[in-house]
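Colleague: Below are the C-alpha cells for one structure; questions will follow.
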Amino acid sequence: MPKKVGDQRRNFRFALLQGTFMRINLAFADSSTVLPAFIHKLSGSDILVGLTGSMMTAGWMWPQLLMSNLLEHRPRKMPFYALGMSVRVLAWLAVFFCTITIGERNPTLLAASFLSLYFISSSAMGVSTLPYMDIVSKAIAPQQRARFFSLRQLYGGFFAIWVGFLVRAVLGDESEFTGILGSITQTFKTVTMYFIGSICNLDTDLGFPYNYAFLFVCSVAAAFFSFVSFLGVREPIHPVHPRRQPMWQHLKHGAYFLQTDENYRRFIFFRVFAHFSGMASPFYMPYALNELGFSEATMGFFIVCSALSGVVSNALWGPIGEKYGVRWLLIITAALMGIPPGLAFLSGMLPTSLQMPAFFLIFIVGGILANGMMVGFMAYMLNIAPPRNRPSYIGFMNTLLMPVSCAPLLGGFLAPYIGYQSLFAISVGICIAAFWIGLKLKEIMHEDEIEEDTDA
C-alpha cells in the first residue's frame with residue numbers, strides 16, 4: 001500500500017475518533033440543555049443564560065484572526081492545536097473543582113467562576129479550531145469530507161444517547177420510572193453518588209450543584225481523550241507562504257476575499273442569520289422548567305432524543321453531500337431551522353398533555369438540524385477556502401462574525417420584556433431569511449485538491 005494512502009486511512013480513523021470523543025464531551029456539557037439549566041438554577045437570570053450561550057460563540061471566534069496570521073506561514077499546525085486543547089481541558093477541570101469546592105454556599109461566586117472559566121475554555125477552542133480545520137483539510141480529501149463529518153456525528157451521537165440517560169440519572173429522581181429504565185437510572189445514580197461523595201466527602205444524596213459537577217468531570221475526561229486521539233494524526237506537509245505577513249497585510253487579504261468572492265459574502269450572510277435564528281435556543285429549558293412546569297430531569301431525555309435523531313439522520317447527510325453537493329446540506333438544514341422555535345412558540349397554547357410531546361419533537365428536530373448543519377458547515381467551509389490561504393480565509397470570516405455571538409445575550413435581554421413566546425416567534429422569522437440566502441449558495445471545490453486526491 002502506498003504510504004500516502006496508508007496515512008490517509010490512519011488519519012481518517014484518528015480524526016474520526018477525535019470527533020467521537022468531542023461529541024461526547026459536548027453532550028455532557030450541552031449548551032442547549034445542561035448549561036442553561038445550571039446557570040438558571042444558580043442565578044435565576046435570563047441575561048446570564050443568554051450570556052452563557054453567547055460566550056461559547058464569542059470565545060470561539062475572537063482569536064481566529066490572530067491565529068490565522070500566526071499559522072498561515074507554518075507547515076505544521078499541530079502544536080497550536082495541542083496548545084488550545086490543553087487549555088480547554090484544564091479550564092473545564094477548574095470548572096469541576098470550583099463547583100465541588102464552592103458548592104451552593106456562594107451561588108454568585110460559583111456563577112462568576114463558571115462564566116469566566118467557560119469563556120477561557122471557549123477561547124481555547126477558538127485557538128485549536130483553525131489548526132484542526134487546516135489539518136483535517138490536508139488529511140482528508142474533499143470528496144470524503146461530507147462522509148467524514150457525517151460519521152463523526154454518527155458515532156459521537158450514538159454515545160451521546162447514553163450520555164442522555166446518564167444525565168437523566170444524575171439530575172432526576174429514579175423513582176419516577178420503573179422497569180429496565182428505572183434499574184439503569186438507579187445504577188447510574190449509585191455510581192455517581194459514590195464518585196462525587198468520595199471527592200466532596202458528602203454523606204447525603206447527590207444534590208445541586210454536585211450533580212452538575214459529575215457531568216462536568218465526565219466532560220473533562222471526554223475532552224482529554226479527544227485531544228489525545230487527534231495527536232495520532234500524521235499531519236501532511238503542504239506548501240505555505242514563505243514568511244509571516246504583517247497584520248495589516250493580513251487584514252487586506254480578508255477584505256480582498258470579501259470584495260471579490262461573492263459566494264464568500266453569501267456564506268457570511270447565511271451564517272449571520274443562522275446564528276441569530278438560534279438566539280432563542282438557550283431559553284427552551286428555562287421556558288419548559290418555569291412556564292410549563294417540566295421537571296429538571298427531563299433534559300436527560302431531551303438529550304437522548306436529540307442524540308438519537310442525530311444518529312439516524314447521519315445515515316443521510318453523508319450520502320446527500322456526496323451525491324448532490326454540500327450546499328444542499330445547508331439548504332435542507334436551513335429549511336429545518338424554523339421548526340424548533342415554531343414548536344416552542346405553539347407549545348404554550350397546546351393542552352398540557354401535548355406540551356411534553358411537542359418539546360420532545362423540538363429536540364428531535366434539533367438533533368437532526370445540529371448534525372446536518374455541522375456536517376454541511378464544516379465541509380462547505382473547507383471546500384470553498386483556497387488551500388494556501390485557508391487559515392486567513394476561515395479566520396477572517398469567523399472574526400468578522402464575532403458580533404453575532406451576542407444573539408443569545410440579546411435574547412436574554414429581550415425575554416423579560418417581550419416574553420419567551422415572542423422571542424420564539426422572532427427566531428422563526430429569522431430562519432426564513434436564512435433559508436432564502438442558503439438557496440443562493442454555490443457548490444465549489446478546488447481543482448488542485450481534487451487532482452491531488454486522484455494522484456494518491
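Ligands are numbered from 1 in the order shown, residues from 1 within each chain, and chains are lettered A, B, ... in the order they appear in the C-alpha cells.
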Per DSSP on the backbone, filter segment 189-392 of chain A down to the residues in alpha helix (DSSP H) and report them as a ChimeraX atom specification.
Modeller: /A:189-200,210-230,247-260,262-277,284-290,298-324,326-336,339-347,352-384,390-392
Colleague: Within 6 Å of segment 134-150 of chain A, counting only C-alpha atoms, which residues show up once you throw out same-chain ones fewer than 5 positions away? Write them as a PyMOL selection string, please.
Modeller: chain A and resi 314+318+321+375+379
Colleague: Could the residues in this selection be saved with N, CA and C atoms as an mmCIF file, in the first residue's frame?
Modeller:
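Dumped everything to result.cif:
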data_model
loop_
_atom_site.group_PDB
_atom_site.id
_atom_site.type_symbol
_atom_site.label_atom_id
_atom_site.label_comp_id
_atom_site.auth_asym_id
_atom_site.auth_seq_id
_atom_site.Cartn_x
_atom_site.Cartn_y
_atom_site.Cartn_z
ATOM 1 N N ASN A 314 -27.670 11.026 10.428
ATOM 2 C CA ASN A 314 -26.331 10.973 9.852
ATOM 3 C C ASN A 314 -26.178 9.870 8.822
ATOM 4 N N GLY A 318 -24.187 12.238 4.927
ATOM 5 C CA GLY A 318 -23.013 11.911 4.116
ATOM 6 C C GLY A 318 -23.366 11.599 2.673
ATOM 7 N N GLY A 321 -24.528 14.734 0.802
ATOM 8 C CA GLY A 321 -23.414 15.619 0.482
ATOM 9 C C GLY A 321 -22.576 15.105 -0.670
ATOM 10 N N VAL A 375 -22.201 19.004 9.693
ATOM 11 C CA VAL A 375 -21.603 18.344 8.528
ATOM 12 C C VAL A 375 -21.502 19.327 7.369
ATOM 13 N N ALA A 379 -17.811 21.002 6.100
ATOM 14 C CA ALA A 379 -17.371 20.562 4.773
ATOM 15 C C ALA A 379 -17.408 21.711 3.767
#
Colleague: Which polymer residues have any atom within 6 Å of an atom of segment 218-221 of chain A, counting only C-alpha atoms, with same-chain residues fewer than 2 positions away left out, as a PyMOL selection string?
Modeller: chain A and resi 25+28+89+92+215-216+223-224
Colleague: Calculated over only C-alpha atoms, which of the candidates A:Thr99, A:Ser54, A:Asn398, A:Ser427 has the smallest distance to Ile339 of chain A?
Modeller: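 Among A:Thr99, A:Ser54, A:Asn398, A:Ser427, it is A:Ser427 that comes nearest to Ile339 of chain A.
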Colleague: Tell me which protein, DNA and RNA residues are within 8 Å of segment 259-269 of chain A, counting only C-alpha atoms, leaving out same-chain ones fewer than 3 positions away, and put them as a PDB file with N, CA and C atoms, in the first residue's frame.
Modeller:
ATOM      1  N   ALA A 255     -10.163  41.467   3.459  1.00  0.00           N
ATOM      2  CA  ALA A 255     -11.015  42.415   2.741  1.00  0.00           C
ATOM      3  C   ALA A 255     -11.078  42.083   1.258  1.00  0.00           C
ATOM      4  N   TYR A 256      -9.970  41.579   0.707  1.00  0.00           N
ATOM      5  CA  TYR A 256      -9.941  41.195  -0.713  1.00  0.00           C
ATOM      6  C   TYR A 256     -10.894  40.020  -0.965  1.00  0.00           C
ATOM      7  N   VAL A 272     -24.691  34.607   9.495  1.00  0.00           N
ATOM      8  CA  VAL A 272     -25.254  35.643  10.360  1.00  0.00           C
ATOM      9  C   VAL A 272     -26.685  35.304  10.738  1.00  0.00           C
ATOM     10  N   PHE A 273     -27.497  34.992   9.726  1.00  0.00           N
ATOM     11  CA  PHE A 273     -28.901  34.692  10.001  1.00  0.00           C
ATOM     12  C   PHE A 273     -29.054  33.359  10.718  1.00  0.00           C
ATOM     13  N   ILE A 384     -14.738  25.676   0.056  1.00  0.00           N
ATOM     14  CA  ILE A 384     -14.689  26.961  -0.646  1.00  0.00           C
ATOM     15  C   ILE A 384     -13.410  27.732  -0.340  1.00  0.00           C
ATOM     16  N   MET A 397     -13.267  35.261   8.285  1.00  0.00           N
ATOM     17  CA  MET A 397     -14.719  35.075   8.308  1.00  0.00           C
ATOM     18  C   MET A 397     -15.225  34.954   9.742  1.00  0.00           C
ATOM     19  N   LEU A 401     -17.533  37.622  12.029  1.00  0.00           N
ATOM     20  CA  LEU A 401     -18.837  37.203  12.530  1.00  0.00           C
ATOM     21  C   LEU A 401     -18.943  37.257  14.059  1.00  0.00           C
ATOM     22  N   ILE A 437     -31.355  32.890   1.818  1.00  0.00           N
ATOM     23  CA  ILE A 437     -29.958  33.128   1.465  1.00  0.00           C
ATOM     24  C   ILE A 437     -29.261  31.815   1.111  1.00  0.00           C
ATOM     25  N   GLY A 438     -29.598  30.745   1.836  1.00  0.00           N
ATOM     26  CA  GLY A 438     -28.986  29.450   1.560  1.00  0.00           C
ATOM     27  C   GLY A 438     -29.234  28.963   0.144  1.00  0.00           C
ATOM     28  N   LYS A 440     -29.098  30.608  -2.452  1.00  0.00           N
ATOM     29  CA  LYS A 440     -28.223  31.321  -3.376  1.00  0.00           C
ATOM     30  C   LYS A 440     -26.766  30.868  -3.311  1.00  0.00           C
ATOM     31  N   LEU A 441     -26.430  29.986  -2.357  1.00  0.00           N
ATOM     32  CA  LEU A 441     -25.058  29.495  -2.264  1.00  0.00           C
ATOM     33  C   LEU A 441     -24.717  28.591  -3.443  1.00  0.00           C
ATOM     34  N   LYS A 442     -23.439  28.570  -3.822  1.00  0.00           N
ATOM     35  CA  LYS A 442     -22.979  27.749  -4.943  1.00  0.00           C
ATOM     36  C   LYS A 442     -22.096  26.611  -4.438  1.00  0.00           C
TER      37      LYS A 442
END
Colleague: Identify, on the basis of only C-alpha atoms, every residue whose closest approach to Leu330 of chain A does not exceed 12 Å; exclude the query and any residue fewer than 4 positions from it along the same chain; express the result as a PyMOL selection string.
Modeller: chain A and resi 146+267+270-271+274+317+320-321+324-326+334-337+369-381+434-443
Colleague: For the selection you just gave me, I'd like the residues written to a file as an mmCIF file, in the first residue's frame, keeping N, CA and C atoms.
Modeller:
data_model
loop_
_atom_site.group_PDB
_atom_site.id
_atom_site.type_symbol
_atom_site.label_atom_id
_atom_site.label_comp_id
_atom_site.auth_asym_id
_atom_site.auth_seq_id
_atom_site.Cartn_x
_atom_site.Cartn_y
_atom_site.Cartn_z
ATOM 1 N N ALA A 146 -17.653 15.269 3.520
ATOM 2 C CA ALA A 146 -19.032 15.149 3.981
ATOM 3 C C ALA A 146 -19.232 13.820 4.717
ATOM 4 N N PHE A 267 -22.099 33.306 2.029
ATOM 5 C CA PHE A 267 -21.945 32.349 3.121
ATOM 6 C C PHE A 267 -21.874 33.077 4.466
ATOM 7 N N PHE A 270 -25.341 34.069 5.319
ATOM 8 C CA PHE A 270 -26.065 32.868 5.729
ATOM 9 C C PHE A 270 -25.755 32.528 7.182
ATOM 10 N N ARG A 271 -24.475 32.618 7.549
ATOM 11 C CA ARG A 271 -24.087 32.309 8.919
ATOM 12 C C ARG A 271 -24.626 33.345 9.903
ATOM 13 N N ALA A 274 -28.167 32.389 10.424
ATOM 14 C CA ALA A 274 -28.234 31.106 11.115
ATOM 15 C C ALA A 274 -27.945 31.281 12.606
ATOM 16 N N TRP A 317 -26.919 12.349 5.817
ATOM 17 C CA TRP A 317 -26.161 13.563 5.484
ATOM 18 C C TRP A 317 -24.953 13.275 4.606
ATOM 19 N N ILE A 320 -26.056 12.384 0.978
ATOM 20 C CA ILE A 320 -26.614 13.578 0.326
ATOM 21 C C ILE A 320 -25.495 14.517 -0.101
ATOM 22 N N GLY A 321 -24.528 14.734 0.802
ATOM 23 C CA GLY A 321 -23.414 15.619 0.482
ATOM 24 C C GLY A 321 -22.576 15.105 -0.670
ATOM 25 N N TYR A 324 -25.325 15.028 -4.041
ATOM 26 C CA TYR A 324 -25.934 16.271 -4.518
ATOM 27 C C TYR A 324 -25.092 17.515 -4.245
ATOM 28 N N GLY A 325 -24.056 17.387 -3.424
ATOM 29 C CA GLY A 325 -23.228 18.541 -3.106
ATOM 30 C C GLY A 325 -23.469 19.030 -1.684
ATOM 31 N N VAL A 326 -22.447 19.630 -1.102
ATOM 32 C CA VAL A 326 -22.510 20.051 0.292
ATOM 33 C C VAL A 326 -23.501 21.192 0.496
ATOM 34 N N ALA A 334 -31.289 24.572 6.738
ATOM 35 C CA ALA A 334 -31.887 25.901 6.875
ATOM 36 C C ALA A 334 -33.412 25.811 6.846
ATOM 37 N N ALA A 335 -33.932 24.874 6.052
ATOM 38 C CA ALA A 335 -35.388 24.684 5.998
ATOM 39 C C ALA A 335 -35.926 24.123 7.313
ATOM 40 N N LEU A 336 -35.071 23.398 8.048
ATOM 41 C CA LEU A 336 -35.497 22.817 9.332
ATOM 42 C C LEU A 336 -35.361 23.782 10.501
ATOM 43 N N MET A 337 -34.619 24.871 10.320
ATOM 44 C CA MET A 337 -34.308 25.773 11.433
ATOM 45 C C MET A 337 -35.532 26.324 12.147
ATOM 46 N N LEU A 369 -31.157 18.774 12.891
ATOM 47 C CA LEU A 369 -30.657 20.057 12.416
ATOM 48 C C LEU A 369 -29.195 20.276 12.806
ATOM 49 N N ALA A 370 -28.859 20.038 14.060
ATOM 50 C CA ALA A 370 -27.494 20.290 14.533
ATOM 51 C C ALA A 370 -26.478 19.425 13.798
ATOM 52 N N ASN A 371 -26.810 18.155 13.576
ATOM 53 C CA ASN A 371 -25.881 17.268 12.891
ATOM 54 C C ASN A 371 -25.735 17.642 11.428
ATOM 55 N N GLY A 372 -26.856 17.950 10.770
ATOM 56 C CA GLY A 372 -26.787 18.342 9.367
ATOM 57 C C GLY A 372 -26.035 19.644 9.172
ATOM 58 N N MET A 373 -26.273 20.602 10.061
ATOM 59 C CA MET A 373 -25.586 21.885 9.959
ATOM 60 C C MET A 373 -24.094 21.729 10.217
ATOM 61 N N MET A 374 -23.729 20.885 11.179
ATOM 62 C CA MET A 374 -22.319 20.672 11.469
ATOM 63 C C MET A 374 -21.609 20.048 10.260
ATOM 64 N N VAL A 375 -22.201 19.004 9.693
ATOM 65 C CA VAL A 375 -21.603 18.344 8.528
ATOM 66 C C VAL A 375 -21.502 19.327 7.369
ATOM 67 N N GLY A 376 -22.603 20.017 7.064
ATOM 68 C CA GLY A 376 -22.627 20.935 5.931
ATOM 69 C C GLY A 376 -21.711 22.122 6.124
ATOM 70 N N PHE A 377 -21.751 22.722 7.310
ATOM 71 C CA PHE A 377 -20.955 23.912 7.577
ATOM 72 C C PHE A 377 -19.467 23.619 7.494
ATOM 73 N N MET A 378 -19.008 22.550 8.164
ATOM 74 C CA MET A 378 -17.586 22.237 8.186
ATOM 75 C C MET A 378 -17.077 21.868 6.789
ATOM 76 N N ALA A 379 -17.811 21.002 6.100
ATOM 77 C CA ALA A 379 -17.371 20.562 4.773
ATOM 78 C C ALA A 379 -17.408 21.711 3.767
ATOM 79 N N TYR A 380 -18.467 22.523 3.804
ATOM 80 C CA TYR A 380 -18.593 23.615 2.850
ATOM 81 C C TYR A 380 -17.499 24.657 3.068
ATOM 82 N N MET A 381 -17.201 24.980 4.305
ATOM 83 C CA MET A 381 -16.174 25.982 4.592
ATOM 84 C C MET A 381 -14.802 25.511 4.120
ATOM 85 N N ALA A 434 -32.729 33.066 6.554
ATOM 86 C CA ALA A 434 -31.551 32.211 6.387
ATOM 87 C C ALA A 434 -31.766 31.204 5.260
ATOM 88 N N PHE A 435 -32.952 30.636 5.188
ATOM 89 C CA PHE A 435 -33.263 29.671 4.126
ATOM 90 C C PHE A 435 -33.177 30.337 2.753
ATOM 91 N N TRP A 436 -33.698 31.544 2.623
ATOM 92 C CA TRP A 436 -33.672 32.256 1.346
ATOM 93 C C TRP A 436 -32.233 32.525 0.887
ATOM 94 N N ILE A 437 -31.355 32.890 1.818
ATOM 95 C CA ILE A 437 -29.958 33.128 1.465
ATOM 96 C C ILE A 437 -29.261 31.815 1.111
ATOM 97 N N GLY A 438 -29.598 30.745 1.836
ATOM 98 C CA GLY A 438 -28.986 29.450 1.560
ATOM 99 C C GLY A 438 -29.234 28.963 0.144
ATOM 100 N N LEU A 439 -30.378 29.294 -0.413
ATOM 101 C CA LEU A 439 -30.693 28.886 -1.781
ATOM 102 C C LEU A 439 -29.742 29.500 -2.798
ATOM 103 N N LYS A 440 -29.098 30.608 -2.452
ATOM 104 C CA LYS A 440 -28.223 31.321 -3.376
ATOM 105 C C LYS A 440 -26.766 30.868 -3.311
ATOM 106 N N LEU A 441 -26.430 29.986 -2.357
ATOM 107 C CA LEU A 441 -25.058 29.495 -2.264
ATOM 108 C C LEU A 441 -24.717 28.591 -3.443
ATOM 109 N N LYS A 442 -23.439 28.570 -3.822
ATOM 110 C CA LYS A 442 -22.979 27.749 -4.943
ATOM 111 C C LYS A 442 -22.096 26.611 -4.438
ATOM 112 N N GLU A 443 -22.081 25.541 -5.208
ATOM 113 C CA GLU A 443 -21.209 24.411 -4.895
ATOM 114 C C GLU A 443 -19.830 24.684 -5.470
#
Colleague: Just checking: using only C-alpha atoms, which residue out of A:Met402, A:Ile39, A:Ala169, A:Met85 ends up closest to Leu115 of chain A?
Modeller: A:Ile39
Colleague: From the list A:Leu42, A:Pro131, A:Val311, A:Asn69, which residue is nearest Leu109 of chain A when using only C-alpha atoms?
Modeller: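 Closest to Leu109 of chain A of all the choices is A:Leu42.
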Colleague: Identify, on the basis of only C-alpha atoms, every residue whose closest approach to Leu414 of chain A does not exceed 12 Å; exclude the query and any residue fewer than 3 positions from it along the same chain; express the result as a ChimeraX atom specification.
Modeller: /A:46-47,50,279-280,283,407-411,417-424,426
Colleague: Just to confirm, what's the straight-line distance from atom CA of Ala307 of chain A to atom CA of Leu329 of chain A in Å (one decimal)?
Modeller: 18.5 Å
Colleague: Using only C-alpha atoms for the distances, tell me which of A:Leu350, A:Cys431, A:Leu65, A:Ile303 is nearest to Ala27 of chain A.
Modeller: A:Ile303
